[in-house]
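The file run_3.cif contains mmCIF, C-alpha atoms:
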data_data
loop_
_atom_site.label_atom_id
_atom_site.label_comp_id
_atom_site.auth_asym_id
_atom_site.auth_seq_id
_atom_site.Cartn_x
_atom_site.Cartn_y
_atom_site.Cartn_z
CA MET A 1 -10.70 -62.02 -105.36
CA LEU A 2 -9.13 -62.95 -108.70
CA ASN A 3 -8.83 -59.97 -111.05
CA LYS A 4 -10.55 -61.05 -114.23
CA ILE A 5 -9.49 -57.97 -116.26
CA SER A 6 -5.94 -57.88 -117.67
CA TYR A 7 -4.09 -55.93 -120.36
CA GLU A 8 -1.48 -56.70 -123.00
CA CYS A 9 -0.03 -54.96 -126.05
CA ASP A 10 1.67 -55.86 -129.29
CA GLU A 11 3.50 -54.04 -132.10
CA LEU A 12 3.03 -54.19 -135.85
CA GLU A 13 5.05 -52.44 -138.56
CA ILE A 14 3.01 -51.10 -141.51
CA GLY A 15 5.16 -49.31 -144.06
CA ASN A 16 7.02 -46.60 -142.16
CA ALA A 17 4.60 -46.64 -139.21
CA LEU A 18 4.85 -48.58 -135.97
CA VAL A 19 1.38 -49.56 -134.75
CA VAL A 20 1.03 -50.27 -131.03
CA ARG A 21 -2.18 -52.02 -130.01
CA LEU A 22 -3.30 -52.24 -126.36
CA TYR A 23 -5.84 -54.98 -125.52
CA HIS A 24 -7.87 -55.78 -122.46
CA HIS A 25 -9.14 -59.21 -121.40
CA ASP A 26 -12.50 -59.29 -119.64
CA ARG A 27 -13.35 -62.82 -118.56
CA ARG A 28 -16.36 -61.78 -116.50
CA GLU A 29 -18.70 -61.40 -119.48
CA PHE A 30 -16.86 -62.46 -122.62
CA GLY A 31 -14.83 -65.50 -121.62
CA ASP A 32 -11.20 -65.37 -122.74
CA LYS A 33 -11.67 -62.88 -125.58
CA LYS A 34 -9.51 -59.79 -125.94
CA TRP A 35 -10.70 -56.44 -127.20
CA PRO A 36 -8.56 -53.57 -128.55
CA CYS A 37 -9.00 -50.46 -126.48
CA VAL A 38 -6.16 -48.23 -127.71
CA ILE A 39 -4.38 -48.14 -131.09
CA LEU A 40 -1.39 -45.83 -131.49
CA PHE A 41 0.35 -44.99 -134.78
CA LEU A 42 3.94 -43.96 -134.20
CA MET A 43 5.76 -42.71 -137.29
CA GLN A 44 9.32 -43.99 -137.45
CA LYS A 45 12.07 -41.62 -138.46
CA HIS A 46 13.78 -42.41 -141.71
CA ILE A 47 16.64 -41.01 -143.74
CA THR A 48 16.24 -40.12 -147.42
CA ILE A 49 19.26 -40.04 -149.73
CA PHE A 50 19.49 -39.08 -153.41
CA THR A 51 22.74 -39.70 -155.28
CA ASP A 52 24.12 -39.11 -158.76
CA GLY A 53 27.40 -39.13 -160.64
CA ALA A 54 28.66 -37.48 -163.82
CA SER A 55 31.75 -37.54 -165.99
CA SER A 56 32.88 -35.67 -169.07
CA GLY A 57 34.43 -38.48 -171.04
CA ASN A 58 34.75 -42.03 -169.83
CA PRO A 59 37.33 -41.69 -168.39
CA GLY A 60 37.48 -37.96 -167.90
CA PRO A 61 36.84 -35.30 -165.24
CA GLY A 62 33.88 -36.25 -163.09
CA GLY A 63 31.82 -35.33 -160.06
CA TRP A 64 29.37 -36.80 -157.61
CA GLY A 65 26.43 -35.34 -155.70
CA THR A 66 24.56 -36.55 -152.64
CA ILE A 67 21.53 -35.21 -150.75
CA ILE A 68 20.79 -36.48 -147.24
CA ALA A 69 17.57 -35.62 -145.39
CA TYR A 70 17.41 -36.63 -141.71
CA ASP A 71 15.92 -35.34 -138.46
CA ASP A 72 14.29 -32.35 -140.22
CA ARG A 73 17.64 -31.35 -141.75
CA VAL A 74 19.12 -31.54 -145.25
CA VAL A 75 22.81 -31.80 -146.09
CA GLU A 76 24.22 -31.71 -149.61
CA LEU A 77 27.62 -33.21 -150.39
CA GLY A 78 29.72 -33.15 -153.55
CA GLY A 79 33.17 -33.90 -154.89
CA ARG A 80 35.19 -34.56 -158.02
CA GLU A 81 38.06 -36.53 -159.57
CA ASP A 82 40.22 -35.37 -162.46
CA LYS A 83 40.19 -38.71 -164.29
CA THR A 84 37.31 -41.02 -163.55
CA THR A 85 34.22 -42.76 -164.96
CA ASN A 86 30.51 -42.21 -164.58
CA ASN A 87 30.06 -45.54 -162.75
CA ARG A 88 32.79 -44.65 -160.28
CA MET A 89 31.18 -41.30 -159.51
CA GLU A 90 27.74 -42.91 -159.10
CA LEU A 91 29.26 -45.33 -156.62
CA GLN A 92 31.26 -42.68 -154.76
CA ALA A 93 28.08 -40.64 -154.24
CA VAL A 94 26.42 -43.59 -152.49
CA LEU A 95 29.49 -44.34 -150.38
CA GLU A 96 29.79 -40.73 -149.19
CA GLY A 97 26.11 -40.57 -148.29
CA LEU A 98 26.23 -43.76 -146.23
CA ARG A 99 29.51 -42.72 -144.61
CA PHE A 100 27.84 -39.51 -143.48
CA VAL A 101 25.00 -41.49 -141.91
CA ALA A 102 27.45 -43.80 -140.13
CA ASP A 103 29.66 -40.93 -138.93
CA GLU A 104 26.63 -39.09 -137.53
CA ARG A 105 25.61 -42.32 -135.77
CA LEU A 106 22.26 -42.40 -137.52
CA GLY A 107 22.62 -46.00 -138.68
CA SER A 108 19.72 -47.25 -136.57
CA GLN A 109 17.26 -45.26 -138.70
CA PRO A 110 16.00 -46.92 -141.90
CA ILE A 111 17.47 -45.39 -145.07
CA ARG A 112 15.70 -44.90 -148.40
CA LEU A 113 18.32 -44.37 -151.07
CA PHE A 114 17.39 -43.35 -154.62
CA THR A 115 19.84 -43.75 -157.51
CA ASP A 116 19.41 -43.66 -161.28
CA SER A 117 22.35 -46.05 -161.70
CA SER A 118 21.39 -49.67 -162.37
CA TYR A 119 25.11 -50.47 -161.92
CA VAL A 120 24.95 -49.27 -158.32
CA ALA A 121 21.51 -50.72 -157.54
CA ASN A 122 22.27 -54.16 -159.00
CA GLY A 123 25.73 -54.21 -157.49
CA ILE A 124 24.40 -53.64 -153.97
CA THR A 125 21.31 -55.86 -154.16
CA SER A 126 22.51 -58.70 -156.44
CA TRP A 127 26.17 -58.79 -157.44
CA MET A 128 28.14 -57.87 -154.32
CA THR A 129 27.50 -61.11 -152.46
CA GLY A 130 28.97 -63.17 -155.31
CA TRP A 131 31.94 -60.83 -155.70
CA GLN A 132 32.80 -61.20 -152.03
CA LYS A 133 32.58 -65.01 -152.17
CA ARG A 134 35.00 -64.97 -155.13
CA ASN A 135 37.39 -62.58 -153.34
CA TRP A 136 36.16 -59.56 -155.29
CA THR A 137 36.40 -61.10 -158.74
CA ASN A 138 33.69 -61.44 -161.36
CA GLN A 139 32.57 -64.69 -162.97
CA ALA A 140 35.39 -64.39 -165.52
CA GLY A 141 37.91 -64.33 -162.68
CA GLU A 142 38.80 -60.66 -163.22
CA THR A 143 39.05 -58.13 -160.42
CA VAL A 144 35.80 -56.20 -160.06
CA ALA A 145 35.90 -52.66 -161.48
CA ASN A 146 36.08 -49.96 -158.79
CA VAL A 147 36.93 -52.64 -156.25
CA ASP A 148 38.35 -50.09 -153.77
CA ILE A 149 34.99 -48.32 -153.49
CA TRP A 150 33.02 -51.58 -153.42
CA LYS A 151 35.13 -52.85 -150.49
CA ASN A 152 34.57 -49.64 -148.54
CA LEU A 153 30.87 -49.77 -149.34
CA ALA A 154 30.63 -53.37 -148.11
CA GLN A 155 31.98 -52.25 -144.74
CA VAL A 156 29.66 -49.29 -144.29
CA LEU A 157 26.62 -51.34 -145.34
CA LYS A 158 27.11 -53.39 -142.16
CA GLU A 159 26.34 -50.27 -140.13
CA VAL A 160 23.09 -49.17 -141.80
CA HIS A 161 19.59 -50.41 -142.69
CA LEU A 162 19.29 -49.66 -146.40
CA THR A 163 16.50 -49.87 -148.97
CA ILE A 164 17.71 -48.89 -152.44
CA THR A 165 15.45 -47.84 -155.31
CA ASN A 166 16.59 -47.57 -158.92
CA ILE A 167 14.76 -44.58 -160.41
CA SER A 168 14.69 -43.15 -163.91
CA GLY A 169 17.28 -40.42 -164.39
CA HIS A 170 16.55 -37.03 -165.99
CA SER A 171 12.83 -37.66 -165.64
CA GLY A 172 11.78 -34.75 -163.44
CA ILE A 173 12.23 -36.32 -159.99
CA PRO A 174 13.33 -33.27 -157.94
CA GLY A 175 15.87 -35.00 -155.70
CA ASN A 176 17.50 -36.75 -158.64
CA GLU A 177 17.62 -33.55 -160.69
CA ARG A 178 19.29 -31.69 -157.84
CA ALA A 179 21.85 -34.46 -157.24
CA ASP A 180 22.64 -34.37 -160.96
CA GLN A 181 23.17 -30.58 -160.81
CA ILE A 182 25.67 -31.03 -157.98
CA ALA A 183 27.54 -33.85 -159.73
CA THR A 184 27.67 -31.98 -163.04
CA GLY A 185 28.76 -28.77 -161.35
CA TYR A 186 31.70 -30.52 -159.71
CA ALA A 187 32.61 -32.36 -162.92
CA LYS A 188 32.75 -29.07 -164.84
CA GLU A 189 34.36 -27.17 -161.92
CA THR A 190 31.80 -24.42 -162.26
CA GLY A 191 31.53 -24.04 -158.49
CA PHE A 192 28.48 -25.06 -156.53
CA TYR A 193 26.67 -23.97 -153.37
CA LEU A 194 25.91 -26.94 -151.11
CA TYR A 195 22.91 -26.59 -148.81
CA ASN A 196 23.18 -27.44 -145.12
CA GLY A 197 20.13 -26.43 -143.15
CA SER A 198 16.56 -27.14 -142.18
CA LEU A 199 14.27 -29.35 -144.26
CA GLU A 200 11.53 -26.73 -143.97
CA GLU A 201 13.63 -24.12 -145.80
CA TYR A 202 14.91 -26.54 -148.47
CA ASP A 203 13.15 -25.82 -151.75
CA ILE A 204 13.51 -29.32 -153.26
CA ASP A 205 10.61 -31.74 -152.67
CA LEU A 206 12.42 -34.93 -151.69
CA GLU A 207 9.17 -36.82 -151.14
CA ASN A 208 8.17 -36.43 -154.80
CA ILE A 209 9.47 -39.41 -156.76
CA LYS A 210 6.93 -39.20 -159.59
CA VAL A 211 8.32 -39.22 -163.12
CA ASP A 212 7.51 -36.14 -165.22
CA PRO A 213 6.04 -37.60 -168.45
CA LYS A 214 7.40 -34.73 -170.56
CA GLN A 215 10.96 -35.18 -169.37
CA LYS A 216 10.66 -38.97 -169.66
CA THR A 217 9.56 -38.57 -173.28
CA GLU A 218 12.51 -36.27 -173.97
CA LYS A 219 14.91 -38.79 -172.45
CA ASP A 220 13.43 -41.61 -174.54
CA ARG A 221 13.66 -39.42 -177.63
CA LYS A 222 17.40 -38.99 -177.18
CA LYS A 223 17.98 -42.73 -176.73
CA GLY A 224 15.44 -44.21 -179.15
CA LYS A 225 15.52 -44.88 -182.89
CA ALA A 226 14.19 -41.96 -184.95
CA TYR A 227 10.88 -42.17 -186.79
CA SER A 228 11.80 -38.96 -188.61
CA TYR A 229 13.43 -35.56 -188.15
CA VAL A 230 11.51 -32.30 -188.38
CA SER A 231 12.69 -28.75 -188.91
CA LEU A 232 11.23 -25.27 -188.97
CA VAL A 233 13.07 -22.99 -191.40
CA ASN A 234 11.74 -19.54 -192.41
CA GLY A 235 8.33 -20.52 -191.04
CA ASN A 236 8.17 -23.70 -193.13
CA PHE A 237 7.70 -27.05 -191.37
CA ASN A 238 9.74 -29.84 -192.98
CA ILE A 239 9.86 -33.60 -192.43
CA HIS A 240 13.11 -35.44 -193.09
CA TYR A 241 13.64 -39.19 -193.01
CA THR A 242 17.38 -39.09 -192.35
CA TRP A 243 19.52 -36.91 -190.10
CA ASP A 244 21.71 -35.93 -193.08
CA GLU A 245 18.67 -34.44 -194.86
CA CYS A 246 17.72 -32.47 -191.77
CA LYS A 247 21.28 -31.30 -191.18
CA LYS A 248 21.59 -29.95 -194.73
CA MET A 249 18.38 -27.99 -194.27
CA VAL A 250 19.26 -26.33 -190.94
CA GLU A 251 23.04 -25.98 -191.06
CA GLY A 252 24.08 -22.34 -191.25
CA ALA A 253 20.50 -21.03 -191.16
CA LYS A 254 19.40 -18.56 -188.48
CA GLY A 255 16.45 -18.96 -186.12
CA VAL A 256 15.76 -22.57 -187.10
CA LYS A 257 14.31 -25.37 -185.01
CA TYR A 258 14.81 -29.09 -185.48
CA LYS A 259 14.09 -32.25 -183.56
CA LYS A 260 14.05 -36.04 -183.75
CA THR A 261 10.59 -37.64 -183.60
CA MET A 262 9.57 -41.07 -182.34
CA SER A 263 6.21 -41.47 -184.16
CA LYS A 264 3.68 -39.75 -186.41
CA GLU A 265 1.87 -38.53 -183.31
CA ASP A 266 5.16 -37.11 -182.03
CA GLU A 267 5.61 -35.25 -185.33
CA ASN A 268 2.18 -33.64 -184.96
CA MET A 269 2.76 -32.74 -181.32
CA ILE A 270 6.06 -31.01 -182.14
CA LYS A 271 4.44 -29.21 -185.05
CA ARG A 272 1.69 -27.85 -182.78
CA SER A 273 4.21 -26.87 -180.08
CA TRP A 274 6.06 -24.78 -182.72
CA GLY A 275 2.85 -22.96 -183.57
CA VAL A 276 2.47 -24.49 -187.03
CA LYS A 277 -1.08 -25.24 -188.20
#
Can the structure in the file be given as structure tokens, please?
Amino acid sequence: MLNKISYECDELEIGNALVVRLYHHDRREFGDKKWPCVILFLMQKHITIFTDGASSGNPGPGGWGTIIAYDDRVVELGGREDKTTNNRMELQAVLEGLRFVADERLGSQPIRLFTDSSYVANGITSWMTGWQKRNWTNQAGETVANVDIWKNLAQVLKEVHLTITNISGHSGIPGNERADQIATGYAKETGFYLYNGSLEEYDIDLENIKVDPKQKTEKDRKKGKAYSYVSLVNGNFNIHYTWDECKKMVEGAKGVKYKKTMSKEDENMIKRSWGVK
């Protein structure tokens, strides 16, 4: 007798999960319809990498830092150059991280790489293809800066499955902050302990990529145009409309506080944080 019940399955990727669906066909009662009877969610392994670079002077002594999380392990890497640039160190950090993945033969696992360098992110996702077509020259016909690293990176990218995310630097993202500590430590030659052990015992939350609003505000404050400058001298809160005015007030005085503000609201917030009513 003809068996009127049969089975088939298919696969569907949703985010980082592989969904396997098993169907059965029952032609005895329902015609040629198929009905799901088992749905399995299989989480794919992935590799997480955070990178950062630093230099004191441009050029000057510099360092790079890389964090790689894979197979329930975390490995930190770092290095330095005596005369380098920030962009070069940012790029070297990425290259070393991907080289590690390739050398450990982990290239089949998808990689999530987080960098605060738009130079690195744009170079990998947008610019590199054009550079290669023009024999590693830019649109002006000049040799691409850091071409030696870019060429090595182009080779290792063939061996991995990479998704790169450009994050905001110095904004409280734990993995980025740690990579920055490593890079800065190597740049300043202060010595640095590099972790190599289990993910469970690693005290940095690499899954947290949320920006800390307070640190983001502080970063914007340093880069943005001043609304005013405020100082606290001998318990008196002062507002200055130029840096020179503020500098004259605080220079040489003991126990003073001063800060650049970005708005009237920022002025009031700083005033409250200093305990001034």
Original post:
Residues at most 7 Å from segment 77-79 of chain A, counting all atoms listed in the file, excluding those fewer than 2 positions away in the same chain, as a count of residues only?
Top reply: 10
Counting all atoms listed in the file, which residues in segment 175-250 of chain A sit no more than 9 Å from segment 265-270 of chain A? For each one, give the nearest pair of atoms and the distance in Å, sorted by chain then residue number, as JSON lines.
{"residue": "A:Tyr227", "atom": "CA", "partner": "A:Glu267", "partner_atom": "CA", "distance": 8.8}
{"residue": "A:Ser228", "atom": "CA", "partner": "A:Glu267", "partner_atom": "CA", "distance": 7.9}
{"residue": "A:Tyr229", "atom": "CA", "partner": "A:Glu267", "partner_atom": "CA", "distance": 8.3}
{"residue": "A:Val230", "atom": "CA", "partner": "A:Glu267", "partner_atom": "CA", "distance": 7.3}
{"residue": "A:Ile239", "atom": "CA", "partner": "A:Glu267", "partner_atom": "CA", "distance": 8.4}
**OP:** Take the PyMOL selection byres ((chain A and resi 114) around 9), apply it to the structure above, and return the hits as a list in words.
**Re:** Thr48, Ile49, Phe50, Thr51, Asp52, Arg112, Leu113, Thr115, Asp116, Ala121, Thr163, Ile164, Thr165, Asn166, Ile167, Gly175 and Asn176 of chain A
Original post:
Taking all atoms listed in the file into account, which of A:Ser117, A:Asn135, A:Asn152, A:Asn122 comes nearest Gly169 of chain A?
Top reply: A:Ser117
**OP:** Would you mind reading off the distance between atom CA of Cys246 of chain A and atom CA of Ala226 of chain A, one decimal, in Å?
**Re:** 12.2 Å
**OP:** Find, counting only C-alpha atoms, the residue in A:Lys188, A:Lys45, A:Arg88, A:Arg178 that gets nearest to Ala145 of chain A.
**Re:** A:Arg88
Original post:
Quick one: residues within 7 Å of Thr85 of chain A, all atoms listed in the file counted, chain neighbours fewer than 4 positions away excluded, as a list in words?
Top reply: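 So the residues in contact are Ser55, Asn58, Pro59, Gly60, Gly62 and Met89 of chain A.
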Subject >> Near-Phe237 of chain A list (12 Å; only C-alpha atoms; drop same-chain fewer than 4 positions) as a list in words >> reply: Tyr229, Val230, Ser231, Leu232, Val233, Cys246, Met249, Val250, Val256, Lys257, Tyr258, Lys259, Glu267, Asn268, Ile270, Lys271, Arg272, Ser273, Trp274, Gly275, Val276 and Lys277 of chain A
Subject >> Residues in the PyMOL selection byres ((chain A and resi 97-99) around 8), expressed as a PyMOL selection string >> reply: chain A and resi 49+51+66-68+77+93-96+100-103+156-157+160
**OP:** Rank nothing, just name the residue among A:Gly235, A:Trp243, A:Tyr193, A:Asn146 nearest to Glu90 of chain A, using only C-alpha atoms.
**Re:**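 With only C-alpha atoms as the atom set, the closest residue is A:Asn146.
Across A:Val147, A:Leu106, A:His161, A:Tyr202, the tightest approach to Gly123 of chain A is made by A:Val147 when counting only C-alpha atoms.
Coordinates place atom CA of Ile149 of chain A at a distance of 17.6 Å from atom CA of Pro61 of chain A.
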**OP:** Mind listing whatever residues come within 7 Å of the point (12.6, -38.9, -161.4)? Use only C-alpha atoms, file coordinates, and give them as a PyMOL selection string.
**Re:** chain A and resi 167-174+176+209-212
**OP:** Kindly indicate which residue among A:Ser118, A:His46, A:Asn208, A:Val144 lies nearest to Asp72 of chain A, using only C-alpha atoms for the distances.
**Re:**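 With only C-alpha atoms as the atom set, the closest residue is A:His46.
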Subject >> Distance in Å - atom CA of Lys254 of chain A versus atom CA of Asn236 of chain A >> reply: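 Interatomic distance here is 13.2 Å.
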Exercise on segment 177-187 of chain A, axis-aligned box with 6 Å per side, report centre and edge lengths in Å to one decimal, as AutoDock Vina command-line options:
--center_x 25.1 --center_y -31.6 --center_z -160.1 --size_x 27.0 --size_y 17.7 --size_z 17.8
